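Below is the file my_file_11.pdb, which contains PDB, C-alpha atoms and all ligand atoms.
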ATOM      1  CA  MET A   1       0.000   0.000   0.000  1.00  0.00           C
ATOM      2  CA  LEU A   2       2.693   2.445   1.041  1.00  0.00           C
ATOM      3  CA  PRO A   3       4.803   2.077  -2.165  1.00  0.00           C
ATOM      4  CA  ILE A   4       1.691   2.634  -4.323  1.00  0.00           C
ATOM      5  CA  LEU A   5       0.784   5.754  -2.341  1.00  0.00           C
ATOM      6  CA  PHE A   6       4.336   6.999  -2.723  1.00  0.00           C
ATOM      7  CA  LEU A   7       4.241   6.451  -6.505  1.00  0.00           C
ATOM      8  CA  PHE A   8       0.914   8.281  -6.743  1.00  0.00           C
ATOM      9  CA  LEU A   9       2.197  11.248  -4.750  1.00  0.00           C
ATOM     10  CA  SER A  10       5.458  11.479  -6.689  1.00  0.00           C
ATOM     11  CA  LEU A  11       3.532  11.516 -10.004  1.00  0.00           C
ATOM     12  CA  LEU A  12       1.367  14.339  -8.685  1.00  0.00           C
ATOM     13  CA  LEU A  13       4.346  16.349  -7.519  1.00  0.00           C
ATOM     14  CA  LEU A  14       6.631  15.800 -10.535  1.00  0.00           C
ATOM     15  CA  PRO A  15       7.061  19.255 -12.094  1.00  0.00           C
ATOM     16  CA  SER A  16       6.913  18.234 -15.785  1.00  0.00           C
ATOM     17  CA  SER A  17       5.161  14.900 -15.773  1.00  0.00           C
ATOM     18  CA  HIS A  18       3.041  15.823 -18.851  1.00  0.00           C
ATOM     19  CA  ALA A  19       4.207  15.095 -22.384  1.00  0.00           C
ATOM     20  CA  ALA A  20       5.415  18.001 -24.528  1.00  0.00           C
ATOM     21  CA  ASP A  21       2.420  19.202 -26.570  1.00  0.00           C
ATOM     22  CA  PHE A  22       4.503  21.251 -28.976  1.00  0.00           C
ATOM     23  CA  CYS A  23       8.022  22.498 -29.661  1.00  0.00           C
ATOM     24  CA  VAL A  24       7.879  26.090 -30.885  1.00  0.00           C
ATOM     25  CA  ALA A  25      11.194  26.725 -32.644  1.00  0.00           C
ATOM     26  CA  ASP A  26      13.936  28.660 -30.887  1.00  0.00           C
ATOM     27  CA  LEU A  27      15.140  30.375 -34.087  1.00  0.00           C
ATOM     28  CA  THR A  28      18.298  31.633 -32.369  1.00  0.00           C
ATOM     29  CA  GLY A  29      19.598  28.052 -32.573  1.00  0.00           C
ATOM     30  CA  HIS A  30      20.500  25.951 -35.604  1.00  0.00           C
ATOM     31  CA  LEU A  31      18.169  24.107 -37.962  1.00  0.00           C
ATOM     32  CA  THR A  32      19.038  20.399 -37.751  1.00  0.00           C
ATOM     33  CA  PRO A  33      17.476  17.517 -39.691  1.00  0.00           C
ATOM     34  CA  SER A  34      15.098  17.033 -36.748  1.00  0.00           C
ATOM     35  CA  GLY A  35      14.180  20.730 -36.570  1.00  0.00           C
ATOM     36  CA  TYR A  36      15.037  23.501 -34.130  1.00  0.00           C
ATOM     37  CA  GLU A  37      15.305  23.184 -30.359  1.00  0.00           C
ATOM     38  CA  CYS A  38      12.183  24.175 -28.425  1.00  0.00           C
ATOM     39  CA  LYS A  39      11.596  27.626 -27.019  1.00  0.00           C
ATOM     40  CA  GLU A  40      10.921  27.625 -23.253  1.00  0.00           C
ATOM     41  CA  GLU A  41       7.227  26.812 -22.771  1.00  0.00           C
ATOM     42  CA  SER A  42       6.885  29.716 -20.330  1.00  0.00           C
ATOM     43  CA  SER A  43       7.690  32.165 -23.161  1.00  0.00           C
ATOM     44  CA  VAL A  44       5.327  30.573 -25.733  1.00  0.00           C
ATOM     45  CA  THR A  45       2.316  32.736 -26.639  1.00  0.00           C
ATOM     46  CA  THR A  46      -0.738  32.388 -28.897  1.00  0.00           C
ATOM     47  CA  ASP A  47       1.118  34.370 -31.556  1.00  0.00           C
ATOM     48  CA  ASP A  48       3.588  31.489 -31.920  1.00  0.00           C
ATOM     49  CA  PHE A  49       0.674  29.527 -33.430  1.00  0.00           C
ATOM     50  CA  VAL A  50      -0.685  32.341 -35.627  1.00  0.00           C
ATOM     51  CA  PHE A  51       0.772  33.515 -38.970  1.00  0.00           C
ATOM     52  CA  SER A  52      -0.633  36.401 -41.008  1.00  0.00           C
ATOM     53  CA  GLY A  53       1.831  36.251 -43.933  1.00  0.00           C
ATOM     54  CA  LEU A  54      -0.410  34.156 -46.174  1.00  0.00           C
ATOM     55  CA  GLY A  55      -2.932  37.006 -46.302  1.00  0.00           C
ATOM     56  CA  VAL A  56      -0.440  39.251 -48.076  1.00  0.00           C
ATOM     57  CA  PRO A  57      -0.126  38.954 -51.904  1.00  0.00           C
ATOM     58  CA  GLY A  58       3.438  38.188 -53.027  1.00  0.00           C
ATOM     59  CA  ASN A  59       5.266  40.496 -55.438  1.00  0.00           C
ATOM     60  CA  THR A  60       5.035  38.993 -58.938  1.00  0.00           C
ATOM     61  CA  SER A  61       7.121  41.718 -60.681  1.00  0.00           C
ATOM     62  CA  ASN A  62       9.961  39.313 -61.454  1.00  0.00           C
ATOM     63  CA  ILE A  63      11.279  37.018 -64.163  1.00  0.00           C
ATOM     64  CA  ILE A  64       8.822  34.191 -63.335  1.00  0.00           C
ATOM     65  CA  LYS A  65       5.831  36.543 -62.842  1.00  0.00           C
ATOM     66  CA  ALA A  66       5.077  34.622 -59.667  1.00  0.00           C
ATOM     67  CA  ALA A  67       5.738  34.645 -55.939  1.00  0.00           C
ATOM     68  CA  VAL A  68       5.983  32.014 -53.220  1.00  0.00           C
ATOM     69  CA  THR A  69       5.249  33.236 -49.686  1.00  0.00           C
ATOM     70  CA  PRO A  70       6.415  30.508 -47.294  1.00  0.00           C
ATOM     71  CA  ALA A  71       5.044  29.662 -43.861  1.00  0.00           C
ATOM     72  CA  PHE A  72       7.898  27.281 -43.160  1.00  0.00           C
ATOM     73  CA  VAL A  73       9.529  26.963 -39.739  1.00  0.00           C
ATOM     74  CA  ALA A  74      11.826  29.953 -40.382  1.00  0.00           C
ATOM     75  CA  GLN A  75       8.796  32.241 -40.851  1.00  0.00           C
ATOM     76  CA  PHE A  76       6.342  30.377 -38.586  1.00  0.00           C
ATOM     77  CA  PRO A  77       8.187  28.859 -35.597  1.00  0.00           C
ATOM     78  CA  GLY A  78       5.037  27.123 -34.298  1.00  0.00           C
ATOM     79  CA  VAL A  79       5.194  24.448 -37.041  1.00  0.00           C
ATOM     80  CA  ASN A  80       8.505  23.139 -35.650  1.00  0.00           C
ATOM     81  CA  GLY A  81       8.219  19.425 -34.904  1.00  0.00           C
ATOM     82  CA  LEU A  82       4.620  19.146 -36.153  1.00  0.00           C
ATOM     83  CA  GLY A  83       5.351  17.713 -39.619  1.00  0.00           C
ATOM     84  CA  ILE A  84       3.430  20.461 -41.416  1.00  0.00           C
ATOM     85  CA  SER A  85       3.875  23.854 -43.097  1.00  0.00           C
ATOM     86  CA  ALA A  86       2.261  25.926 -45.825  1.00  0.00           C
ATOM     87  CA  ALA A  87       2.837  28.565 -48.489  1.00  0.00           C
ATOM     88  CA  ARG A  88       0.926  30.967 -50.689  1.00  0.00           C
ATOM     89  CA  LEU A  89       1.454  31.024 -54.468  1.00  0.00           C
ATOM     90  CA  ASP A  90       0.627  34.138 -56.468  1.00  0.00           C
ATOM     91  CA  LEU A  91       0.809  33.846 -60.256  1.00  0.00           C
ATOM     92  CA  ALA A  92       0.323  36.906 -62.450  1.00  0.00           C
ATOM     93  CA  PRO A  93      -1.015  36.247 -65.985  1.00  0.00           C
ATOM     94  CA  ARG A  94       1.523  33.877 -67.690  1.00  0.00           C
ATOM     95  CA  GLY A  95       3.275  33.417 -64.338  1.00  0.00           C
ATOM     96  CA  VAL A  96       5.282  30.234 -63.726  1.00  0.00           C
ATOM     97  CA  ILE A  97       6.531  28.408 -60.643  1.00  0.00           C
ATOM     98  CA  PRO A  98       9.355  26.694 -62.585  1.00  0.00           C
ATOM     99  CA  LEU A  99      10.096  22.968 -62.372  1.00  0.00           C
ATOM    100  CA  HIS A 100      11.227  22.313 -58.791  1.00  0.00           C
ATOM    101  CA  THR A 101      11.348  19.787 -55.981  1.00  0.00           C
ATOM    102  CA  HIS A 102      10.838  19.755 -52.219  1.00  0.00           C
ATOM    103  CA  PRO A 103      13.243  17.023 -51.062  1.00  0.00           C
ATOM    104  CA  ALA A 104      11.626  16.662 -47.636  1.00  0.00           C
ATOM    105  CA  ALA A 105       7.876  16.944 -48.193  1.00  0.00           C
ATOM    106  CA  SER A 106       4.795  15.985 -50.139  1.00  0.00           C
ATOM    107  CA  GLU A 107       2.638  18.931 -51.210  1.00  0.00           C
ATOM    108  CA  PHE A 108      -1.135  19.473 -51.204  1.00  0.00           C
ATOM    109  CA  LEU A 109      -2.268  22.401 -53.396  1.00  0.00           C
ATOM    110  CA  VAL A 110      -5.666  24.148 -53.384  1.00  0.00           C
ATOM    111  CA  VAL A 111      -6.420  26.690 -56.123  1.00  0.00           C
ATOM    112  CA  THR A 112      -8.145  29.642 -54.415  1.00  0.00           C
ATOM    113  CA  GLN A 113      -8.333  31.987 -57.431  1.00  0.00           C
ATOM    114  CA  GLY A 114      -8.108  31.613 -61.219  1.00  0.00           C
ATOM    115  CA  THR A 115      -6.852  28.500 -62.986  1.00  0.00           C
ATOM    116  CA  ILE A 116      -3.451  26.813 -62.701  1.00  0.00           C
ATOM    117  CA  CYS A 117      -1.916  24.154 -64.943  1.00  0.00           C
ATOM    118  CA  ALA A 118       0.013  21.953 -62.505  1.00  0.00           C
ATOM    119  CA  GLY A 119       1.857  18.693 -62.830  1.00  0.00           C
ATOM    120  CA  PHE A 120       4.645  16.417 -61.689  1.00  0.00           C
ATOM    121  CA  ILE A 121       7.017  13.896 -63.236  1.00  0.00           C
ATOM    122  CA  SER A 122       7.500  10.518 -61.563  1.00  0.00           C
ATOM    123  CA  THR A 123      10.852   8.750 -61.265  1.00  0.00           C
ATOM    124  CA  ALA A 124       9.563   6.460 -64.067  1.00  0.00           C
ATOM    125  CA  ASN A 125       9.290   9.703 -66.114  1.00  0.00           C
ATOM    126  CA  ASN A 126       5.522   9.466 -66.299  1.00  0.00           C
ATOM    127  CA  VAL A 127       3.868  12.875 -66.372  1.00  0.00           C
ATOM    128  CA  TYR A 128       0.732  13.750 -64.405  1.00  0.00           C
ATOM    129  CA  TYR A 129      -0.659  17.205 -65.158  1.00  0.00           C
ATOM    130  CA  LYS A 130      -3.967  19.029 -65.368  1.00  0.00           C
ATOM    131  CA  THR A 131      -5.439  22.512 -65.609  1.00  0.00           C
ATOM    132  CA  LEU A 132      -7.017  23.075 -62.201  1.00  0.00           C
ATOM    133  CA  LYS A 133      -9.962  25.386 -61.586  1.00  0.00           C
ATOM    134  CA  THR A 134     -10.631  27.442 -58.462  1.00  0.00           C
ATOM    135  CA  GLY A 135     -11.488  24.968 -55.705  1.00  0.00           C
ATOM    136  CA  ASP A 136      -9.560  22.066 -57.258  1.00  0.00           C
ATOM    137  CA  SER A 137      -6.758  20.373 -55.302  1.00  0.00           C
ATOM    138  CA  MET A 138      -3.757  18.385 -56.456  1.00  0.00           C
ATOM    139  CA  LEU A 139      -1.072  16.305 -54.736  1.00  0.00           C
ATOM    140  CA  PHE A 140       2.651  16.338 -55.496  1.00  0.00           C
ATOM    141  CA  PRO A 141       4.407  13.333 -53.929  1.00  0.00           C
ATOM    142  CA  GLN A 142       7.583  13.945 -51.914  1.00  0.00           C
ATOM    143  CA  GLY A 143      10.753  14.698 -53.838  1.00  0.00           C
ATOM    144  CA  LEU A 144       9.228  14.633 -57.334  1.00  0.00           C
ATOM    145  CA  LEU A 145       9.808  17.426 -59.861  1.00  0.00           C
ATOM    146  CA  HIS A 146       6.692  19.554 -60.334  1.00  0.00           C
ATOM    147  CA  PHE A 147       5.475  22.911 -61.672  1.00  0.00           C
ATOM    148  CA  GLN A 148       2.572  25.371 -61.634  1.00  0.00           C
ATOM    149  CA  VAL A 149       1.712  27.614 -64.607  1.00  0.00           C
ATOM    150  CA  ASN A 150      -0.920  30.319 -65.029  1.00  0.00           C
ATOM    151  CA  GLY A 151      -1.754  30.153 -68.727  1.00  0.00           C
ATOM    152  CA  ASP A 152      -4.627  32.593 -68.324  1.00  0.00           C
ATOM    153  CA  GLY A 153      -4.861  36.338 -68.705  1.00  0.00           C
ATOM    154  CA  THR A 154      -6.038  36.782 -65.107  1.00  0.00           C
ATOM    155  CA  LYS A 155      -4.305  36.432 -61.763  1.00  0.00           C
ATOM    156  CA  ALA A 156      -4.214  33.047 -60.024  1.00  0.00           C
ATOM    157  CA  MET A 157      -3.576  32.066 -56.432  1.00  0.00           C
ATOM    158  CA  ALA A 158      -3.133  28.838 -54.500  1.00  0.00           C
ATOM    159  CA  ILE A 159      -2.482  27.754 -50.940  1.00  0.00           C
ATOM    160  CA  VAL A 160      -0.168  24.777 -50.567  1.00  0.00           C
ATOM    161  CA  SER A 161       0.543  22.695 -47.490  1.00  0.00           C
ATOM    162  CA  PHE A 162       3.546  20.470 -46.893  1.00  0.00           C
ATOM    163  CA  SER A 163       4.217  17.344 -44.840  1.00  0.00           C
ATOM    164  CA  SER A 164       7.270  18.946 -43.210  1.00  0.00           C
ATOM    165  CA  PRO A 165       8.051  22.206 -41.362  1.00  0.00           C
ATOM    166  CA  SER A 166      11.115  22.473 -43.665  1.00  0.00           C
ATOM    167  CA  PRO A 167      10.097  21.131 -47.106  1.00  0.00           C
ATOM    168  CA  GLY A 168      13.223  22.461 -48.837  1.00  0.00           C
ATOM    169  CA  LEU A 169      13.058  23.965 -52.334  1.00  0.00           C
ATOM    170  CA  GLN A 170      15.303  23.392 -55.331  1.00  0.00           C
ATOM    171  CA  ILE A 171      14.393  24.974 -58.675  1.00  0.00           C
ATOM    172  CA  THR A 172      15.874  22.979 -61.553  1.00  0.00           C
ATOM    173  CA  ALA A 173      16.651  25.941 -63.828  1.00  0.00           C
ATOM    174  CA  PHE A 174      18.380  27.812 -60.991  1.00  0.00           C
ATOM    175  CA  ALA A 175      20.311  24.691 -59.955  1.00  0.00           C
ATOM    176  CA  LEU A 176      21.631  24.377 -63.515  1.00  0.00           C
ATOM    177  CA  PHE A 177      22.068  27.983 -64.628  1.00  0.00           C
ATOM    178  CA  ALA A 178      22.280  30.251 -61.550  1.00  0.00           C
ATOM    179  CA  ASN A 179      25.533  28.837 -60.196  1.00  0.00           C
ATOM    180  CA  ASN A 180      29.232  28.861 -61.145  1.00  0.00           C
ATOM    181  CA  LEU A 181      29.553  25.313 -62.483  1.00  0.00           C
ATOM    182  CA  PRO A 182      31.692  25.800 -65.641  1.00  0.00           C
ATOM    183  CA  SER A 183      29.509  26.024 -68.760  1.00  0.00           C
ATOM    184  CA  ALA A 184      31.411  23.169 -70.421  1.00  0.00           C
ATOM    185  CA  LEU A 185      30.446  20.878 -67.522  1.00  0.00           C
ATOM    186  CA  VAL A 186      26.827  22.088 -67.556  1.00  0.00           C
ATOM    187  CA  GLU A 187      26.744  21.268 -71.293  1.00  0.00           C
ATOM    188  CA  THR A 188      28.226  17.807 -70.677  1.00  0.00           C
ATOM    189  CA  VAL A 189      25.764  16.893 -67.936  1.00  0.00           C
ATOM    190  CA  THR A 190      22.655  18.331 -69.660  1.00  0.00           C
ATOM    191  CA  PHE A 191      23.404  17.679 -73.386  1.00  0.00           C
ATOM    192  CA  LEU A 192      22.471  21.342 -74.052  1.00  0.00           C
ATOM    193  CA  ASP A 193      24.571  23.380 -76.479  1.00  0.00           C
ATOM    194  CA  ASP A 194      26.967  26.166 -75.479  1.00  0.00           C
ATOM    195  CA  ALA A 195      24.761  29.009 -76.753  1.00  0.00           C
ATOM    196  CA  GLU A 196      21.713  27.815 -74.799  1.00  0.00           C
ATOM    197  CA  VAL A 197      23.697  27.335 -71.558  1.00  0.00           C
ATOM    198  CA  LYS A 198      25.352  30.765 -71.844  1.00  0.00           C
ATOM    199  CA  LYS A 199      21.991  32.396 -72.606  1.00  0.00           C
ATOM    200  CA  LEU A 200      20.339  30.822 -69.543  1.00  0.00           C
ATOM    201  CA  LYS A 201      23.315  31.616 -67.286  1.00  0.00           C
ATOM    202  CA  LYS A 202      23.092  35.251 -68.341  1.00  0.00           C
ATOM    203  CA  LEU A 203      19.336  35.306 -67.749  1.00  0.00           C
ATOM    204  CA  LEU A 204      19.457  33.616 -64.317  1.00  0.00           C
ATOM    205  CA  GLY A 205      22.691  35.088 -62.977  1.00  0.00           C
ATOM    206  CA  GLY A 206      25.077  32.153 -63.356  1.00  0.00           C
ATOM    207  CA  THR A 207      28.800  32.560 -64.062  1.00  0.00           C
ATOM    208  CA  GLY A 208      31.562  30.367 -65.509  1.00  0.00           C
TER
HETATM  209  C1  LIG B   1       7.928  44.448 -56.498  1.00  0.00           C
HETATM  210  O1  LIG B   1       9.219  44.110 -56.932  1.00  0.00           O
HETATM  211  C2  LIG B   1       9.761  45.035 -57.890  1.00  0.00           C
HETATM  212  C3  LIG B   1      11.060  44.442 -58.417  1.00  0.00           C
HETATM  213  O2  LIG B   1      11.917  44.082 -57.378  1.00  0.00           O
HETATM  214  C4  LIG B   1       9.916  46.384 -57.226  1.00  0.00           C
HETATM  215  O3  LIG B   1      10.437  47.304 -58.168  1.00  0.00           O
HETATM  216  C5  LIG B   1       8.552  46.848 -56.716  1.00  0.00           C
HETATM  217  O4  LIG B   1       8.709  48.057 -55.989  1.00  0.00           O
HETATM  218  C6  LIG B   1       7.920  45.806 -55.809  1.00  0.00           C
HETATM  219  N1  LIG B   1       6.561  46.197 -55.510  1.00  0.00           N
HETATM  220  C7  LIG B   1       6.093  46.218 -54.273  1.00  0.00           C
HETATM  221  C8  LIG B   1       4.649  46.602 -54.122  1.00  0.00           C
HETATM  222  O5  LIG B   1       6.765  45.944 -53.296  1.00  0.00           O
END
What's the structure tokens form of this structure?
Ligand SMILES: *[C@@H]1O[C@H](CO)[C@@H](O)[C@H](O)[C@H]1NC(C)=O
Amino acid sequence: MLPILFLFLSLLLLPSSHAADFCVADLTGHLTPSGYECKEESSVTTDDFVFSGLGVPGNTSNIIKAAVTPAFVAQFPGVNGLGISAARLDLAPRGVIPLHTHPAASEFLVVTQGTICAGFISTANNVYYKTLKTGDSMLFPQGLLHFQVNGDGTKAMAIVSFSSPSPGLQITAFALFANNLPSALVETVTFLDDAEVKKLKKLLGGTG
């Protein structure tokens, strides 16, 4: 009887006997593969779980005529450790989110305005694409190359969610033509000709 009573009392008196409900990111630390360290619970507020950035249209005055507004862990520390995040896509007429991949997350897209032609390419090189109307959703499985295009003359918008607080983003054209890998090597590994590689490097800010 006495040992059971003792156990009961010690459980009651243990200061942090409850499981951690969340792990709001301490952004002063480093991002590791398992996320950021947790901010002290005593300094967590409601605002750590609220993000207003997705209500603000992104600036589409750029080469792709499109903008991605992320609500990843770096912008929204509350998603740390929860396996989720989101972003807003704004596409001006003829805007393009160029072929890209999120190495760490699957993506769920909902078109909230206009129409968007979206698709992905599987590792078997099968292509899955469709012109989505407002209200349509589409999935992009983790790691696969995908794109979103606004072929219309009116603005389009989508909200996307991800299965990771840090989905990662690599845009194929930037990976190939916005870096300093020597053009001769880019040509060798892509089978593109010298003129095309130099043109794209100039356009996207690559050197070499
Ligand atoms: C959008 O970006 C362009 C190009 O960087 C800039 O000139 C313009 O001022 C920006 N517009 C707004 C509303 O921030």
Exercise for review: Residues within 9 Å of ligand LIG 1 (chain B), counting only C-alpha atoms and all ligand atoms: report them as a PyMOL selection string.
Suggested key: chain A and resi 58-62
Review point. Within 10 Å of region 44-51 of chain A, counting only C-alpha atoms, which residues qualify if same-chain residues fewer than 3 places away don't, as a list in words?
Key: Phe22, Cys23, Val24, Ala25, Cys38, Lys39, Glu40, Glu41, Leu54, Gly55, Ala71, Gln75, Phe76, Pro77, Gly78 and Val79 of chain A
Point to revise | region 149-166 of chain A surroundings by all atoms listed in the file, 6 Å radius, close-in-sequence under 4 positions cut, as number ranges by chain | key: A: 72-73, 79-80, 83-96, 105-114, 116-117
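Taking CA of Pro103 (chain A) as the reference point, CA of Pro33 (chain A) is found at 12.1 Å.
Relative to CA of Leu169 (chain A), CA of Thr69 (chain A) is found at 12.4 Å.
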Enclosing box along x, y and z for every listed atom of region 178-195 of chain A, padded 6 Å each side, centre and size in Å, one decimal, as lines of an AutoDock Vina configuration file:
center_x = 27.0
center_y = 23.6
center_z = -68.5
size_x = 21.4
size_y = 25.4
size_z = 28.6
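Taking all atoms listed in the file into account, Lys65 (chain A) lies nearest to A:Gln148 out of the set A:Asp21, A:Gln148, A:Thr115, A:Ile121.
One distance worth recording is that between CA of Phe147 (chain A) and CA of Lys130 (chain A), which is 10.9 Å.
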Exercise for review: Apply the PyMOL selection byres (((chain A and resi 178) around 8) and not hetatm) to the displayed file and report the matching residues as a PyMOL selection string.
Suggested key: chain A and resi 173-177+179-180+201+204-207
Exercise for review: Pick out the residues sitting within 12 Å of region 122-124 of chain A, and hand them over as a PyMOL selection string; count all atoms listed in the file, and ignore anything fewer than 5 positions along from it in its own chain.
Suggested key: chain A and resi 101+129+140-146
Practice item. Using all atoms listed in the file, pick whichever of A:Gly81, A:Pro70, A:Pro57, A:Gly119 has the shortest atom-to-atom distance to Leu31 (chain A). Key: A:Gly81
